[in-house]
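Novice: Please see the structure below; I have some questions.
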Amino acid sequence: MLPGEVRAMHELSICNAIASTAVKHAEGRPVTQVKVQIGHLRQVVPDALQFSWEVVSSTTDLKDAQLVIEQVPAVVECLDCGATTVLDLAILACGACDGFDVKLLSGEELLVVSIDLVDA
Ligand SMILES: [Zn+2]
């Protein structure tokens, strides 16, 4: 299998999880928009996620629902120097002193934050 296919499957499985959450919450009501928060460390490609959403949602009641992706930066707090830095890479290290004694503040999110329903 090509690396690209693995990635696509990753996004596809995330979309399946998002869709099942949305369908459950909507309880049969039409959904217009699903907003998700994806942390940087999830290494999700937004375009790939959108594409996967088209595929997944078209087979469900969510086919008219738009997927809105909110990307959350990976932020760490250094326990050595106290600096709070945003990570570029998926390596947990302090951006100020390069120390590895850091606490992750955000970046691992994979949440459905809101589901907009058609007003009855
Ligand atoms: Zn530091």
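Residues in the structure tokens are named by chain (A, B, ... in the order shown) and by number from 1 within that chain; ligands are numbered from 1 in the order shown.
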For chain A against ligand 1, with a cut-off of 6 Å and counting only C-alpha atoms and all ligand atoms, what is the closest atom pair and its distance in Å to one decimal for every residue that makes the cut, ordered by chain and number, as a Markdown table?
Specialist:
| residue | atom | partner | partner_atom_place_in_ligand_line | distance |
| --- | --- | --- | --- | --- |
| A:Cys78 | CA | ligand 1 | 1 (Zn) | 4.5 |
| A:Asp80 | CA | ligand 1 | 1 (Zn) | 5.2 |
| A:Cys81 | CA | ligand 1 | 1 (Zn) | 4.2 |
| A:Gly82 | CA | ligand 1 | 1 (Zn) | 5.9 |
| A:Ala83 | CA | ligand 1 | 1 (Zn) | 5.4 |
| A:Cys94 | CA | ligand 1 | 1 (Zn) | 4.6 |
| A:Ala96 | CA | ligand 1 | 1 (Zn) | 5.0 |
| A:Cys97 | CA | ligand 1 | 1 (Zn) | 4.1 |
| A:Asp98 | CA | ligand 1 | 1 (Zn) | 5.9 |
| A:Gly99 | CA | ligand 1 | 1 (Zn) | 5.2 |
Novice: Write to file, as a PDB file, in the first residue's frame, the residues of the selection just made, with N, CA and C atoms.
Specialist:
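After the write, again.pdb holds the following:
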ATOM      1  N   CYS A  78       7.105  24.597  29.146  1.00  0.00           N
ATOM      2  CA  CYS A  78       8.358  23.996  29.583  1.00  0.00           C
ATOM      3  C   CYS A  78       8.440  23.999  31.107  1.00  0.00           C
ATOM      4  N   ASP A  80      11.160  23.368  32.681  1.00  0.00           N
ATOM      5  CA  ASP A  80      12.496  23.849  33.050  1.00  0.00           C
ATOM      6  C   ASP A  80      12.549  25.364  33.076  1.00  0.00           C
ATOM      7  N   CYS A  81      12.238  25.981  31.899  1.00  0.00           N
ATOM      8  CA  CYS A  81      12.397  27.433  31.800  1.00  0.00           C
ATOM      9  C   CYS A  81      11.069  28.186  31.877  1.00  0.00           C
ATOM     10  N   GLY A  82       9.963  27.454  31.852  1.00  0.00           N
ATOM     11  CA  GLY A  82       8.670  28.102  32.023  1.00  0.00           C
ATOM     12  C   GLY A  82       8.080  28.700  30.762  1.00  0.00           C
ATOM     13  N   ALA A  83       8.787  28.583  29.641  1.00  0.00           N
ATOM     14  CA  ALA A  83       8.295  29.170  28.396  1.00  0.00           C
ATOM     15  C   ALA A  83       7.122  28.363  27.842  1.00  0.00           C
ATOM     16  N   CYS A  94      10.741  21.984  24.218  1.00  0.00           N
ATOM     17  CA  CYS A  94      10.579  23.409  24.452  1.00  0.00           C
ATOM     18  C   CYS A  94      11.218  24.202  23.302  1.00  0.00           C
ATOM     19  N   ALA A  96      12.078  27.274  23.464  1.00  0.00           N
ATOM     20  CA  ALA A  96      13.000  28.275  23.992  1.00  0.00           C
ATOM     21  C   ALA A  96      14.338  27.658  24.404  1.00  0.00           C
ATOM     22  N   CYS A  97      14.300  26.531  25.123  1.00  0.00           N
ATOM     23  CA  CYS A  97      15.557  25.957  25.638  1.00  0.00           C
ATOM     24  C   CYS A  97      15.838  24.556  25.100  1.00  0.00           C
ATOM     25  N   ASP A  98      14.957  24.051  24.226  1.00  0.00           N
ATOM     26  CA  ASP A  98      15.082  22.709  23.648  1.00  0.00           C
ATOM     27  C   ASP A  98      14.951  21.582  24.670  1.00  0.00           C
ATOM     28  N   GLY A  99      14.507  21.907  25.861  1.00  0.00           N
ATOM     29  CA  GLY A  99      14.323  20.873  26.875  1.00  0.00           C
ATOM     30  C   GLY A  99      13.127  19.983  26.542  1.00  0.00           C
TER      31      GLY A  99
END
Novice: Need to verify the contact set: A:Ile38, 9 Å, only C-alpha atoms, exclusion of same-chain residues closer than 3 positions in sequence. Can you return it as a compact mmCIF listing (two decimals) with N, CA, C and O atoms, in the first residue's frame?
Specialist:
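Printed below is out.txt as written:
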# COMPACT_ATOMS: atom_id res chain seq x y z
N LEU A 41 -1.02 17.82 16.48
CA LEU A 41 -0.33 16.54 16.64
C LEU A 41 -1.08 15.37 16.01
O LEU A 41 -0.54 14.28 15.89
N ARG A 42 -2.31 15.60 15.62
CA ARG A 42 -3.07 14.55 14.94
C ARG A 42 -2.56 14.36 13.52
O ARG A 42 -2.89 13.38 12.88
N GLN A 43 -1.82 15.36 13.04
CA GLN A 43 -1.22 15.30 11.70
C GLN A 43 -2.26 15.02 10.61
O GLN A 43 -2.05 14.22 9.71
N VAL A 44 -3.39 15.70 10.75
CA VAL A 44 -4.46 15.56 9.77
C VAL A 44 -4.28 16.65 8.71
O VAL A 44 -4.02 17.80 9.04
N ILE A 69 -13.43 22.87 9.78
CA ILE A 69 -12.27 22.39 10.53
C ILE A 69 -11.56 23.54 11.23
O ILE A 69 -11.17 24.52 10.60
N GLU A 70 -11.46 23.40 12.52
CA GLU A 70 -10.73 24.39 13.32
C GLU A 70 -9.43 23.71 13.75
O GLU A 70 -9.46 22.71 14.46
N GLN A 71 -8.32 24.26 13.31
CA GLN A 71 -7.05 23.64 13.66
C GLN A 71 -6.51 24.22 14.96
O GLN A 71 -6.49 25.44 15.15
N VAL A 72 -6.09 23.34 15.84
CA VAL A 72 -5.58 23.77 17.14
C VAL A 72 -4.07 23.57 17.15
O VAL A 72 -3.58 22.48 16.90
N PRO A 73 -3.31 24.65 17.41
CA PRO A 73 -1.85 24.50 17.43
C PRO A 73 -1.41 23.65 18.62
O PRO A 73 -2.09 23.58 19.64
N GLY A 107 -3.16 20.42 21.34
CA GLY A 107 -2.59 19.85 20.13
C GLY A 107 -3.03 18.42 19.86
O GLY A 107 -2.78 17.88 18.79
N GLU A 108 -3.68 17.80 20.86
CA GLU A 108 -4.13 16.43 20.66
C GLU A 108 -5.64 16.34 20.45
O GLU A 108 -6.22 15.26 20.47
N GLU A 109 -6.27 17.50 20.23
CA GLU A 109 -7.72 17.54 20.10
C GLU A 109 -8.22 16.76 18.88
O GLU A 109 -7.59 16.76 17.83
N LEU A 110 -9.32 16.14 19.07
CA LEU A 110 -10.05 15.56 17.96
C LEU A 110 -11.50 15.54 18.44
O LEU A 110 -11.99 14.58 18.97
N LEU A 111 -12.14 16.71 18.29
CA LEU A 111 -13.43 16.91 18.92
C LEU A 111 -14.47 17.44 17.94
O LEU A 111 -14.15 18.26 17.08
N VAL A 112 -15.67 16.99 18.12
CA VAL A 112 -16.79 17.64 17.44
C VAL A 112 -17.25 18.74 18.39
O VAL A 112 -17.72 18.45 19.49
Novice: Need the shell around A:Val55: protein/DNA/RNA residues with any atom at most 12 Å away, counting only C-alpha atoms. Skip same-chain ones fewer than 2 positions apart. Format as a list in words?
Specialist: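 Returned residues: Ala8, Met9, Glu11, Leu12, Ser13, Cys15, Asn16, Ala19, Ala48, Leu49, Gln50, Phe51, Ser52, Trp53, Ser57, Ser58, Thr59, Thr60, Leu62, Lys63, Asp64 and Leu67 of chain A.
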Novice: Mind giving me the straight-line distance from atom CA of A:Gln66 to atom CA of A:Ile14 in Å, one decimal?
Specialist: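 Between these atoms lies a distance of 15.3 Å.
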Novice: As number ranges by chain, please: every residue in chain A that DSSP puts in alpha helix (DSSP H).
Specialist: A: 3-26, 46-57
Novice: In Å, how far is it from atom CA of A:Ala74 to atom CA of A:Ser106?
Specialist: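 Taking atom CA of A:Ala74 as the start and atom CA of A:Ser106 as the end point, the length is 5.2 Å.
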Novice: With only C-alpha atoms as the counted atoms, please give the residues lying no more than 6 Å from A:Leu117, apart from itself and same-chain residues fewer than 4 positions off, as number ranges by chain.
Specialist: A: 30-32
